[in-house]
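Asks: One file is attached below, structure.cif, containing mmCIF, C-alpha atoms and all ligand atoms.
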```
data_data
loop_
_atom_site.label_atom_id
_atom_site.label_comp_id
_atom_site.auth_asym_id
_atom_site.auth_seq_id
_atom_site.Cartn_x
_atom_site.Cartn_y
_atom_site.Cartn_z
CA MET A 1 -62.69 168.37 174.28
CA THR A 2 -65.47 167.81 171.75
CA THR A 3 -65.68 164.65 169.70
CA GLN A 4 -68.20 163.00 167.45
CA THR A 5 -70.65 161.21 169.69
CA THR A 6 -70.50 157.45 169.71
CA THR A 7 -72.79 155.09 171.57
CA SER A 8 -70.85 152.76 173.81
CA GLY A 9 -70.32 149.33 172.25
CA GLU A 10 -71.39 150.51 168.79
CA THR A 11 -69.36 149.10 165.89
CA VAL A 12 -67.28 152.00 164.68
CA LEU A 13 -65.18 150.20 162.09
CA ASP A 14 -66.26 147.13 160.20
CA ALA A 15 -63.76 145.81 157.65
CA ARG A 16 -64.79 142.67 155.80
CA GLY A 17 -62.76 140.50 153.49
CA VAL A 18 -60.25 143.24 152.78
CA THR A 19 -57.75 142.14 150.14
CA MET A 20 -55.07 144.32 148.59
CA ARG A 21 -52.95 143.14 145.69
CA PHE A 22 -50.01 144.89 144.10
CA GLY A 23 -49.53 143.10 140.77
CA GLY A 24 -48.67 139.53 141.70
CA LEU A 25 -48.19 140.30 145.41
CA THR A 26 -51.12 139.93 147.79
CA ALA A 27 -50.16 142.21 150.68
CA VAL A 28 -53.48 141.77 152.54
CA ARG A 29 -55.75 138.78 152.08
CA GLY A 30 -59.39 138.58 153.19
CA VAL A 31 -58.95 140.42 156.50
CA ASP A 32 -62.00 141.01 158.72
CA LEU A 33 -61.67 143.42 161.62
CA THR A 34 -64.07 145.38 163.76
CA VAL A 35 -63.41 148.13 166.26
CA ASN A 36 -66.13 149.09 168.71
CA SER A 37 -66.56 152.37 170.50
CA GLY A 38 -64.62 152.57 173.74
CA GLU A 39 -62.06 150.07 172.46
CA ILE A 40 -58.34 150.18 171.84
CA VAL A 41 -57.47 147.48 169.31
CA GLY A 42 -53.92 146.50 168.39
CA LEU A 43 -52.72 145.28 165.03
CA ILE A 44 -49.41 143.46 165.20
CA GLY A 45 -47.36 141.21 162.94
CA PRO A 46 -43.83 140.71 161.68
CA ASN A 47 -42.26 143.16 159.20
CA GLY A 48 -44.01 143.11 155.85
CA ALA A 49 -47.12 141.40 157.27
CA GLY A 50 -49.42 143.95 155.60
CA LYS A 51 -50.33 146.15 158.59
CA THR A 52 -49.70 149.53 156.96
CA THR A 53 -51.28 148.37 153.72
CA PHE A 54 -54.39 147.42 155.71
CA PHE A 55 -54.38 150.88 157.36
CA ASN A 56 -54.12 152.45 153.93
CA CYS A 57 -57.20 150.47 152.88
CA LEU A 58 -59.07 151.84 155.90
CA THR A 59 -58.20 155.44 155.18
CA GLY A 60 -58.91 155.76 151.47
CA LEU A 61 -55.24 155.85 150.44
CA TYR A 62 -55.77 152.49 148.76
CA ILE A 63 -58.99 151.14 147.34
CA PRO A 64 -59.04 147.49 148.40
CA THR A 65 -58.92 145.00 145.52
CA GLU A 66 -61.69 143.11 147.31
CA GLY A 67 -63.77 143.63 150.43
CA GLU A 68 -65.58 146.47 152.09
CA VAL A 69 -64.88 148.94 154.87
CA ARG A 70 -67.69 150.59 156.80
CA TYR A 71 -67.46 153.39 159.32
CA LYS A 72 -70.49 153.58 161.62
CA GLY A 73 -72.48 151.60 159.08
CA ASP A 74 -71.57 153.57 155.96
CA VAL A 75 -69.24 152.32 153.26
CA LEU A 76 -66.14 154.53 153.22
CA PRO A 77 -65.65 156.96 150.37
CA PRO A 78 -62.60 156.19 148.18
CA LYS A 79 -60.72 159.43 148.96
CA SER A 80 -58.60 160.02 152.05
CA PHE A 81 -59.87 163.56 152.78
CA LYS A 82 -63.46 162.27 152.60
CA VAL A 83 -62.56 159.44 154.97
CA THR A 84 -61.14 162.02 157.39
CA ALA A 85 -64.30 164.10 157.05
CA ALA A 86 -66.35 160.96 157.73
CA GLY A 87 -64.55 160.52 161.08
CA ILE A 88 -61.39 158.43 160.68
CA ALA A 89 -58.07 160.15 161.35
CA ARG A 90 -54.60 158.68 161.30
CA THR A 91 -50.94 159.22 161.98
CA PHE A 92 -48.16 157.84 159.80
CA GLN A 93 -45.25 155.49 160.41
CA ASN A 94 -42.94 158.18 159.00
CA ILE A 95 -43.86 161.49 160.60
CA ARG A 96 -45.56 163.79 158.09
CA LEU A 97 -45.64 167.24 159.64
CA PHE A 98 -45.24 170.60 157.92
CA ALA A 99 -41.70 171.10 159.19
CA ASN A 100 -41.52 174.86 158.52
CA MET A 101 -44.89 175.66 160.05
CA THR A 102 -45.43 176.25 163.75
CA VAL A 103 -46.82 173.63 166.06
CA LEU A 104 -50.12 175.55 166.24
CA GLU A 105 -50.35 175.95 162.45
CA ASN A 106 -49.88 172.19 162.02
CA VAL A 107 -52.88 171.56 164.24
CA LEU A 108 -54.90 174.23 162.43
CA VAL A 109 -54.23 172.43 159.14
CA GLY A 110 -55.74 169.33 160.71
CA ARG A 111 -58.95 171.26 161.39
CA HIS A 112 -59.72 172.10 157.78
CA THR A 113 -62.26 169.27 157.40
CA ARG A 114 -64.21 170.74 160.33
CA THR A 115 -64.09 174.38 159.26
CA LYS A 116 -67.41 175.46 157.84
CA GLU A 117 -66.24 178.78 156.46
CA GLY A 118 -66.11 178.61 152.67
CA LEU A 119 -63.69 180.04 150.13
CA TRP A 120 -65.41 183.45 149.80
CA SER A 121 -65.57 183.92 153.52
CA ALA A 122 -61.85 183.16 153.77
CA LEU A 123 -60.97 185.48 150.87
CA LEU A 124 -63.13 188.37 152.07
CA ARG A 125 -62.11 187.81 155.67
CA GLY A 126 -65.53 188.86 156.93
CA PRO A 127 -66.72 188.63 160.57
CA GLY A 128 -67.82 185.02 160.08
CA PHE A 129 -64.31 184.09 159.03
CA HIS A 130 -62.66 185.79 161.99
CA LYS A 131 -65.07 184.13 164.41
CA ALA A 132 -64.43 180.71 162.87
CA GLU A 133 -60.69 181.32 162.90
CA ARG A 134 -60.76 182.22 166.58
CA ALA A 135 -62.77 179.11 167.39
CA SER A 136 -60.29 176.98 165.44
CA ARG A 137 -57.33 178.46 167.26
CA ASP A 138 -59.00 177.91 170.63
CA ARG A 139 -59.70 174.31 169.75
CA ALA A 140 -56.16 173.79 168.44
CA MET A 141 -54.72 175.20 171.67
CA GLU A 142 -57.00 172.91 173.68
CA LEU A 143 -55.61 169.93 171.75
CA LEU A 144 -52.03 171.08 172.26
CA GLU A 145 -52.77 171.33 175.97
CA PHE A 146 -54.22 167.82 175.87
CA VAL A 147 -51.06 166.31 174.33
CA GLY A 148 -48.74 168.48 176.45
CA LEU A 149 -47.44 170.82 173.76
CA ALA A 150 -49.27 174.08 174.52
CA GLU A 151 -46.06 175.82 175.59
CA LYS A 152 -44.49 175.03 172.24
CA ALA A 153 -47.36 176.35 170.10
CA GLY A 154 -45.13 178.97 168.48
CA HIS A 155 -42.15 176.70 167.80
CA LEU A 156 -41.40 175.42 164.33
CA ALA A 157 -42.41 171.77 164.03
CA ARG A 158 -38.96 170.81 162.78
CA ASN A 159 -37.36 172.05 166.01
CA LEU A 160 -39.34 169.69 168.23
CA PRO A 161 -37.63 166.58 169.57
CA TYR A 162 -38.75 163.38 167.88
CA GLY A 163 -41.12 162.24 170.64
CA GLU A 164 -42.91 165.61 170.60
CA GLN A 165 -43.25 165.50 166.83
CA ARG A 166 -45.16 162.25 167.26
CA LYS A 167 -47.41 163.92 169.86
CA LEU A 168 -48.00 166.80 167.45
CA GLU A 169 -49.06 164.32 164.76
CA ILE A 170 -51.61 162.94 167.19
CA ALA A 171 -52.88 166.43 168.04
CA ARG A 172 -53.23 167.21 164.35
CA ALA A 173 -55.15 163.97 163.75
CA LEU A 174 -57.44 164.79 166.68
CA ALA A 175 -58.11 168.22 165.19
CA SER A 176 -60.40 166.61 162.60
CA GLU A 177 -62.60 165.45 165.53
CA PRO A 178 -62.48 161.75 164.65
CA GLY A 179 -64.57 158.93 166.04
CA LEU A 180 -61.76 156.50 165.22
CA LEU A 181 -58.04 157.22 165.42
CA LEU A 182 -55.52 155.00 163.61
CA LEU A 183 -51.99 155.17 164.99
CA ASP A 184 -49.19 153.69 162.88
CA GLU A 185 -46.24 152.91 165.16
CA PRO A 186 -46.78 155.84 167.56
CA THR A 187 -43.81 154.95 169.77
CA ALA A 188 -41.25 154.29 167.03
CA GLY A 189 -37.97 155.93 168.01
CA MET A 190 -39.18 156.82 171.52
CA ASN A 191 -37.35 156.11 174.77
CA PRO A 192 -39.16 154.01 177.43
CA GLN A 193 -40.32 157.12 179.30
CA GLU A 194 -41.85 158.68 176.17
CA THR A 195 -43.46 155.32 175.35
CA ARG A 196 -45.15 155.18 178.77
CA ALA A 197 -46.37 158.77 178.29
CA THR A 198 -47.82 157.81 174.88
CA GLU A 199 -49.58 154.88 176.52
CA GLU A 200 -51.25 157.32 178.95
CA LEU A 201 -52.14 159.64 176.08
CA VAL A 202 -53.85 156.83 174.14
CA PHE A 203 -55.86 155.84 177.24
CA ALA A 204 -56.90 159.50 177.60
CA ILE A 205 -57.96 159.61 173.93
CA ARG A 206 -60.06 156.49 174.43
CA ASP A 207 -61.59 158.07 177.54
CA LYS A 208 -62.68 161.02 175.38
CA GLY A 209 -64.86 158.60 173.39
CA ILE A 210 -62.55 157.99 170.44
CA ALA A 211 -61.95 154.39 169.42
CA VAL A 212 -58.32 153.57 168.62
CA LEU A 213 -56.68 151.09 166.26
CA VAL A 214 -52.93 150.95 166.73
CA ILE A 215 -50.05 149.29 164.88
CA GLU A 216 -46.98 148.85 167.03
CA HIS A 217 -43.90 146.63 167.28
CA ASP A 218 -43.42 147.33 170.99
CA MET A 219 -45.23 144.33 172.46
CA ARG A 220 -45.24 145.60 176.04
CA PHE A 221 -46.98 148.77 174.83
CA ILE A 222 -49.54 146.75 172.85
CA PHE A 223 -50.34 144.23 175.57
CA ASN A 224 -50.62 146.93 178.26
CA LEU A 225 -52.85 149.08 176.14
CA CYS A 226 -55.17 147.02 174.02
CA ASP A 227 -58.53 145.44 174.78
CA ARG A 228 -58.10 143.25 171.73
CA VAL A 229 -55.17 142.39 169.47
CA ALA A 230 -55.25 141.05 165.91
CA VAL A 231 -52.17 139.41 164.45
CA LEU A 232 -51.42 139.68 160.75
CA VAL A 233 -48.97 137.27 159.16
CA GLN A 234 -48.20 137.33 155.46
CA GLY A 235 -51.31 139.41 154.81
CA GLU A 236 -53.74 137.14 156.67
CA LYS A 237 -55.25 137.47 160.10
CA LEU A 238 -53.74 134.64 162.12
CA VAL A 239 -55.23 135.23 165.57
CA GLU A 240 -57.43 137.76 167.31
CA GLY A 241 -58.18 138.01 171.00
CA ASP A 242 -57.27 139.65 174.27
CA SER A 243 -53.62 140.09 175.24
CA ALA A 244 -53.42 136.81 177.18
CA THR A 245 -54.92 134.80 174.30
CA VAL A 246 -52.55 136.27 171.75
CA GLN A 247 -49.47 135.98 173.97
CA GLY A 248 -50.28 132.35 174.70
CA ASP A 249 -50.76 131.36 171.07
CA GLU A 250 -47.80 129.29 169.84
CA ARG A 251 -48.49 130.23 166.21
CA VAL A 252 -47.88 133.90 167.02
CA VAL A 253 -44.53 133.13 168.62
CA ALA A 254 -43.63 130.89 165.67
CA ALA A 255 -44.63 133.58 163.16
CA TYR A 256 -42.44 136.15 164.92
CA LEU A 257 -39.54 133.73 165.02
CA GLY A 258 -40.07 132.93 161.34
CA GLU A 259 -40.87 129.29 162.09
CA PRO A 260 -43.56 127.50 160.07
CA TYR A 261 -46.77 126.52 161.85
CA GLU A 262 -49.80 124.48 160.88
CA GLY A 263 -51.93 126.39 158.36
CA ASP A 264 -49.15 128.93 157.70
CA PRO A 265 -50.35 130.83 154.61
CA GLY A 266 -46.81 130.74 153.22
CA GLN A 267 -46.25 127.07 154.00
CA ASP A 268 -46.71 125.83 150.41
CA GLU A 269 -44.44 128.53 149.02
CA ALA A 270 -41.90 127.84 151.77
CA ALA A 271 -41.96 124.12 150.93
CA GLU A 272 -41.43 124.92 147.24
CA VAL A 273 -38.52 127.22 148.04
CA GLU A 274 -37.04 124.62 150.38
CA ALA A 275 -37.36 121.88 147.72
CA ALA A 276 -35.81 124.15 145.08
CA GLU A 277 -32.95 125.03 147.44
CA ALA A 278 -32.40 121.37 148.31
CA HIS A 279 -32.38 120.51 144.61
CA ALA A 280 -29.94 123.33 143.88
CA THR A 281 -27.71 122.21 146.77
CA ARG A 282 -27.76 118.60 145.52
CA SER A 283 -26.90 119.67 141.96
CA HIS A 284 -24.18 121.96 143.27
CA THR A 285 -22.77 119.18 145.48
CA ALA A 286 -22.83 116.74 142.55
CA ASP A 287 -21.10 119.31 140.30
CA THR A 288 -18.53 120.06 142.99
CA GLU A 289 -17.87 116.37 143.57
CA ALA A 290 -17.50 115.79 139.84
CA GLU A 291 -15.11 118.72 139.60
CA ALA A 292 -13.17 117.46 142.62
CA THR A 293 -12.89 113.95 141.13
CA GLU A 294 -11.74 115.43 137.84
CA ALA A 295 -9.20 117.58 139.65
CA GLU A 296 -7.98 114.59 141.65
CA THR A 297 -7.64 112.51 138.48
CA THR A 298 -5.75 115.26 136.72
CA GLU A 299 -3.49 115.79 139.71
CA ALA A 300 -2.86 112.03 140.02
CA GLU A 301 -2.28 111.65 136.34
CA ALA A 302 -0.18 114.73 135.87
CA PRO A 303 3.01 113.56 137.60
CA GLU A 304 2.67 110.28 135.79
CA ALA A 305 2.34 112.04 132.50
CA GLU A 306 5.17 114.36 133.44
CA THR A 307 7.29 111.39 134.47
CA THR A 308 6.46 109.59 131.29
CA GLU A 309 7.35 112.63 129.25
CA VAL A 310 10.58 113.15 131.22
CA GLU A 311 11.43 109.50 130.94
CA THR A 312 10.70 109.54 127.22
CA ALA A 313 12.82 112.66 126.81
CA GLU A 314 15.67 111.10 128.81
CA ALA A 315 15.41 107.91 126.82
CA ASP A 316 15.38 109.88 123.62
CA ALA A 317 18.33 111.89 124.81
CA GLU A 318 20.16 108.71 125.77
CA ALA A 319 19.32 107.12 122.48
CA THR A 320 20.38 110.23 120.68
CA THR A 321 23.61 110.43 122.68
CA ASP A 322 24.28 106.79 122.12
CA ALA A 323 23.56 107.07 118.54
CA ALA A 324 25.36 110.34 118.06
CA PRO A 325 27.72 109.93 115.19
CA GLY A 326 31.32 110.50 116.06
CA LYS A 327 30.61 110.60 119.79
CA GLU A 328 32.83 107.83 120.70
CA ASN A 329 35.36 109.22 118.38
CA ASP A 330 35.31 112.43 120.38
CA ARG A 331 36.17 110.67 123.63
N1 LIG B 1 -47.33 150.29 147.18
C1 LIG B 1 -46.85 149.06 147.20
N2 LIG B 1 -46.51 148.43 146.05
C2 LIG B 1 -46.03 147.17 146.06
N3 LIG B 1 -45.86 146.43 147.17
C3 LIG B 1 -46.17 147.01 148.34
C4 LIG B 1 -46.68 148.33 148.43
N4 LIG B 1 -46.89 148.64 149.73
C5 LIG B 1 -46.53 147.54 150.43
N5 LIG B 1 -46.09 146.57 149.60
C6 LIG B 1 -45.66 145.23 150.00
O1 LIG B 1 -46.71 144.66 150.74
C7 LIG B 1 -46.20 143.89 151.81
C8 LIG B 1 -46.76 144.39 153.11
O2 LIG B 1 -46.16 145.65 153.41
P1 LIG B 1 -46.62 146.58 154.63
O3 LIG B 1 -45.80 147.81 154.60
O4 LIG B 1 -48.08 146.74 154.60
O5 LIG B 1 -46.21 145.65 155.87
P2 LIG B 1 -46.13 146.05 157.40
O6 LIG B 1 -46.72 144.90 158.15
O7 LIG B 1 -46.70 147.38 157.63
O8 LIG B 1 -44.55 146.05 157.62
P3 LIG B 1 -43.65 146.89 158.67
O9 LIG B 1 -43.96 146.37 160.03
O10 LIG B 1 -42.26 146.58 158.24
O11 LIG B 1 -44.00 148.34 158.51
C9 LIG B 1 -44.68 143.96 151.72
O12 LIG B 1 -44.23 142.84 151.00
C10 LIG B 1 -44.46 145.24 150.93
O13 LIG B 1 -43.24 145.17 150.22
#
```
As a first step, turn the structure in this file into structure tokens.
Ligand SMILES: Nc1ncnc2c1ncn2[C@@H]1O[C@H](COP(=O)(O)OP(=O)(O)OP(=O)(O)O)[C@@H](O)[C@H]1O
Replies:
Amino acid sequence: MTTQTTTSGETVLDARGVTMRFGGLTAVRGVDLTVNSGEIVGLIGPNGAGKTTFFNCLTGLYIPTEGEVRYKGDVLPPKSFKVTAAGIARTFQNIRLFANMTVLENVLVGRHTRTKEGLWSALLRGPGFHKAERASRDRAMELLEFVGLAEKAGHLARNLPYGEQRKLEIARALASEPGLLLLDEPTAGMNPQETRATEELVFAIRDKGIAVLVIEHDMRFIFNLCDRVAVLVQGEKLVEGDSATVQGDERVVAAYLGEPYEGDPGQDEAAEVEAAEAHATRSHTADTEAEATEAETTEAEAPEAETTEVETAEADAEATTDAAPGKENDR
């Protein structure tokens, strides 16, 4: 399998101060992250922490509001196909295959950034084109072999089971011959057996000289796999270190459990929300108590009032009866 050559230990990815805002929402705030050749780095964090947004900043889908991303020393171009051509490939959280194309064709699509044959060559279908096409197919088949899908080369992508569709996405990403592969939740929806197989596949990719940055919610997968793990919480990098360091950090556990911790980037907002809720609860309680007192008063007074009215009516009736002219005469 051919890949772009990378010197061992070289910094492949260097992201500095990456910030991404959507209107008033800061999804990623000042994140620094490096990935070196030969490394598998994990990016974890609770839902909505900004992991995918950060990936999108690394792959040209988003232009960071602030900060800079370098790949092997060069600032990344602001277009995703140029980022792929530069050497960063990715898979997506939601599988994005060409469902009605074959498995092989999907991988061939992934090779377009590496195909040197130009438009005229493709249109005229000259000998150069046929040679390049053959080479592409050979390479695509090699990749399918590598991920374990060679026997399904002719199948439509949509007919593959879910776990194999994820493998195909990886093969397609590898077809652009990257130096860095970004995997966004590669084991989502997989059973434990498929997850273990994916773990082996990622190790094999690393062994081919491709650095890997992976987002995943499956902690066992992450801690088995990664040389280093960075934890994002509310858009900020909370901790970075080896698996043992990250697993032993109380702030990480607290962040996953939704508990506040010292220096929590959302602590001020949380305190404001808490104060507002407490205020609202107090006001509500006061209103409820006032209503209850009023209701009690009304209830207590009502029979009295009723009694008074009844008594008055009876008295009136009595008075009327007593005073009725001719009454006694009637008896
Ligand atoms: N295009 C967008 N426009 C506005 N807000 C966005 C956009 N993309 C993401 N967000 C918001 O940014 C925050 C981070 O989202 P993101 O998807 O990056 O988190 P995540 O860590 O990948 O979450 P998950 O683990 O659930 O996939 C969320 O509050 C999300 O709603």
Asks: What is the distance between CA of Ser176 in chain A and CA of Gly110 in chain A, in Å to one decimal?
Replies: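 CA of Ser176 in chain A sits 5.7 Å away from CA of Gly110 in chain A.
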Asks: Check which residues fall inside 6 Å of ligand LIG 1 (chain B) when counting all atoms listed in the file, and print them as a list of chain:residue names.
Replies: A:Phe22, A:Ala27, A:Pro46, A:Asn47, A:Gly48, A:Ala49, A:Gly50, A:Lys51, A:Thr52, A:Thr53
Asks: Using all atoms listed in the file, pick whichever of A:Met219, A:Leu144, A:Val12, A:Ile95 has the shortest atom-to-atom distance to Ser37 in chain A.
Replies: A:Val12
Asks: Counting all atoms listed in the file, which of A:Ile40, A:Ala255, A:Leu180, A:Cys57 gets nearest to Gly17 in chain A?
Replies: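 Residue with the minimum atom-to-atom distance to Gly17 in chain A: A:Cys57.
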Asks: Mind checking which residues fall within 12 Å of Cys226 in chain A, counting only C-alpha atoms, ignoring those fewer than 4 positions away in the same chain, and posting them as a PDB file with C-alpha atoms, in the coordinates of the input?
Replies:
```
ATOM      1  CA  VAL A  35     -63.410 148.130 166.260  1.00  0.00           C
ATOM      2  CA  GLY A  38     -64.620 152.570 173.740  1.00  0.00           C
ATOM      3  CA  GLU A  39     -62.060 150.070 172.460  1.00  0.00           C
ATOM      4  CA  ILE A  40     -58.340 150.180 171.840  1.00  0.00           C
ATOM      5  CA  VAL A  41     -57.470 147.480 169.310  1.00  0.00           C
ATOM      6  CA  GLY A  42     -53.920 146.500 168.390  1.00  0.00           C
ATOM      7  CA  LEU A  43     -52.720 145.280 165.030  1.00  0.00           C
ATOM      8  CA  ILE A  44     -49.410 143.460 165.200  1.00  0.00           C
ATOM      9  CA  GLU A 199     -49.580 154.880 176.520  1.00  0.00           C
ATOM     10  CA  VAL A 202     -53.850 156.830 174.140  1.00  0.00           C
ATOM     11  CA  PHE A 203     -55.860 155.840 177.240  1.00  0.00           C
ATOM     12  CA  ARG A 206     -60.060 156.490 174.430  1.00  0.00           C
ATOM     13  CA  ALA A 211     -61.950 154.390 169.420  1.00  0.00           C
ATOM     14  CA  VAL A 212     -58.320 153.570 168.620  1.00  0.00           C
ATOM     15  CA  LEU A 213     -56.680 151.090 166.260  1.00  0.00           C
ATOM     16  CA  VAL A 214     -52.930 150.950 166.730  1.00  0.00           C
ATOM     17  CA  ILE A 215     -50.050 149.290 164.880  1.00  0.00           C
ATOM     18  CA  GLU A 216     -46.980 148.850 167.030  1.00  0.00           C
ATOM     19  CA  MET A 219     -45.230 144.330 172.460  1.00  0.00           C
ATOM     20  CA  ARG A 220     -45.240 145.600 176.040  1.00  0.00           C
ATOM     21  CA  PHE A 221     -46.980 148.770 174.830  1.00  0.00           C
ATOM     22  CA  ILE A 222     -49.540 146.750 172.850  1.00  0.00           C
ATOM     23  CA  ALA A 230     -55.250 141.050 165.910  1.00  0.00           C
ATOM     24  CA  GLU A 240     -57.430 137.760 167.310  1.00  0.00           C
ATOM     25  CA  GLY A 241     -58.180 138.010 171.000  1.00  0.00           C
ATOM     26  CA  ASP A 242     -57.270 139.650 174.270  1.00  0.00           C
ATOM     27  CA  SER A 243     -53.620 140.090 175.240  1.00  0.00           C
ATOM     28  CA  ALA A 244     -53.420 136.810 177.180  1.00  0.00           C
ATOM     29  CA  VAL A 246     -52.550 136.270 171.750  1.00  0.00           C
TER      30      VAL A 246
END
```
Asks: Which residues, protein or nucleic acid, reach to within 12 Å of (-47.1, 164.4, 166.2) in the file's coordinates when using all atoms listed in the file, and can you give that as an mmCIF file with C-alpha atoms, keeping the file's coordinate frame?
Replies:
```
data_model
loop_
_atom_site.group_PDB
_atom_site.id
_atom_site.type_symbol
_atom_site.label_atom_id
_atom_site.label_comp_id
_atom_site.auth_asym_id
_atom_site.auth_seq_id
_atom_site.Cartn_x
_atom_site.Cartn_y
_atom_site.Cartn_z
ATOM 1 C CA ARG A 90 -54.600 158.680 161.300
ATOM 2 C CA THR A 91 -50.940 159.220 161.980
ATOM 3 C CA PHE A 92 -48.160 157.840 159.800
ATOM 4 C CA GLN A 93 -45.250 155.490 160.410
ATOM 5 C CA ASN A 94 -42.940 158.180 159.000
ATOM 6 C CA ILE A 95 -43.860 161.490 160.600
ATOM 7 C CA ARG A 96 -45.560 163.790 158.090
ATOM 8 C CA LEU A 97 -45.640 167.240 159.640
ATOM 9 C CA PHE A 98 -45.240 170.600 157.920
ATOM 10 C CA ALA A 99 -41.700 171.100 159.190
ATOM 11 C CA VAL A 103 -46.820 173.630 166.060
ATOM 12 C CA LEU A 104 -50.120 175.550 166.240
ATOM 13 C CA ASN A 106 -49.880 172.190 162.020
ATOM 14 C CA VAL A 107 -52.880 171.560 164.240
ATOM 15 C CA GLY A 110 -55.740 169.330 160.710
ATOM 16 C CA LEU A 143 -55.610 169.930 171.750
ATOM 17 C CA LEU A 144 -52.030 171.080 172.260
ATOM 18 C CA VAL A 147 -51.060 166.310 174.330
ATOM 19 C CA GLY A 148 -48.740 168.480 176.450
ATOM 20 C CA LEU A 149 -47.440 170.820 173.760
ATOM 21 C CA ALA A 157 -42.410 171.770 164.030
ATOM 22 C CA ARG A 158 -38.960 170.810 162.780
ATOM 23 C CA LEU A 160 -39.340 169.690 168.230
ATOM 24 C CA PRO A 161 -37.630 166.580 169.570
ATOM 25 C CA TYR A 162 -38.750 163.380 167.880
ATOM 26 C CA GLY A 163 -41.120 162.240 170.640
ATOM 27 C CA GLU A 164 -42.910 165.610 170.600
ATOM 28 C CA GLN A 165 -43.250 165.500 166.830
ATOM 29 C CA ARG A 166 -45.160 162.250 167.260
ATOM 30 C CA LYS A 167 -47.410 163.920 169.860
ATOM 31 C CA LEU A 168 -48.000 166.800 167.450
ATOM 32 C CA GLU A 169 -49.060 164.320 164.760
ATOM 33 C CA ILE A 170 -51.610 162.940 167.190
ATOM 34 C CA ALA A 171 -52.880 166.430 168.040
ATOM 35 C CA ARG A 172 -53.230 167.210 164.350
ATOM 36 C CA ALA A 173 -55.150 163.970 163.750
ATOM 37 C CA LEU A 174 -57.440 164.790 166.680
ATOM 38 C CA ALA A 175 -58.110 168.220 165.190
ATOM 39 C CA LEU A 183 -51.990 155.170 164.990
ATOM 40 C CA ASP A 184 -49.190 153.690 162.880
ATOM 41 C CA GLU A 185 -46.240 152.910 165.160
ATOM 42 C CA PRO A 186 -46.780 155.840 167.560
ATOM 43 C CA THR A 187 -43.810 154.950 169.770
ATOM 44 C CA ALA A 188 -41.250 154.290 167.030
ATOM 45 C CA THR A 198 -47.820 157.810 174.880
#
```
Asks: Which of these, A:Leu25, A:Leu225, A:Met20, A:Val253, has the shortest distance to Ile205 in chain A once you count all atoms listed in the file?
Replies: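 Among A:Leu25, A:Leu225, A:Met20, A:Val253, it is A:Leu225 that comes nearest to Ile205 in chain A.
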Asks: In Å, rounded to a single decimal, give me how far CA of Gly209 in chain A is from CA of Leu238 in chain A.
Replies: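 CA of Gly209 in chain A lies 28.7 Å from CA of Leu238 in chain A.
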Asks: What does the structure give for the distance between CA of Arg111 in chain A and CA of Leu61 in chain A, in Å to one decimal?
Replies: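 CA of Leu61 in chain A lies 19.3 Å from CA of Arg111 in chain A.
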Asks: Let me make sure I understand: among A:Gln193, A:Asn36, A:Ser136, A:Asn100, which one has the smallest atom-to-atom distance to Leu181 in chain A if we use all atoms listed in the file?
Replies: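 Residue with the minimum atom-to-atom distance to Leu181 in chain A: A:Asn36.
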Asks: Find the residue from A:Thr19, A:Gly87, A:Met190, A:Val75 that sits nearest to Asn56 in chain A; use all atoms listed in the file when measuring.
Replies: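 Distance minimum relative to Asn56 in chain A lands on A:Thr19.
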Asks: Between A:Thr59, A:Thr34, A:Thr102, A:Gln247, which is the closest to Ile88 in chain A once you count only C-alpha atoms?
Replies: A:Thr59
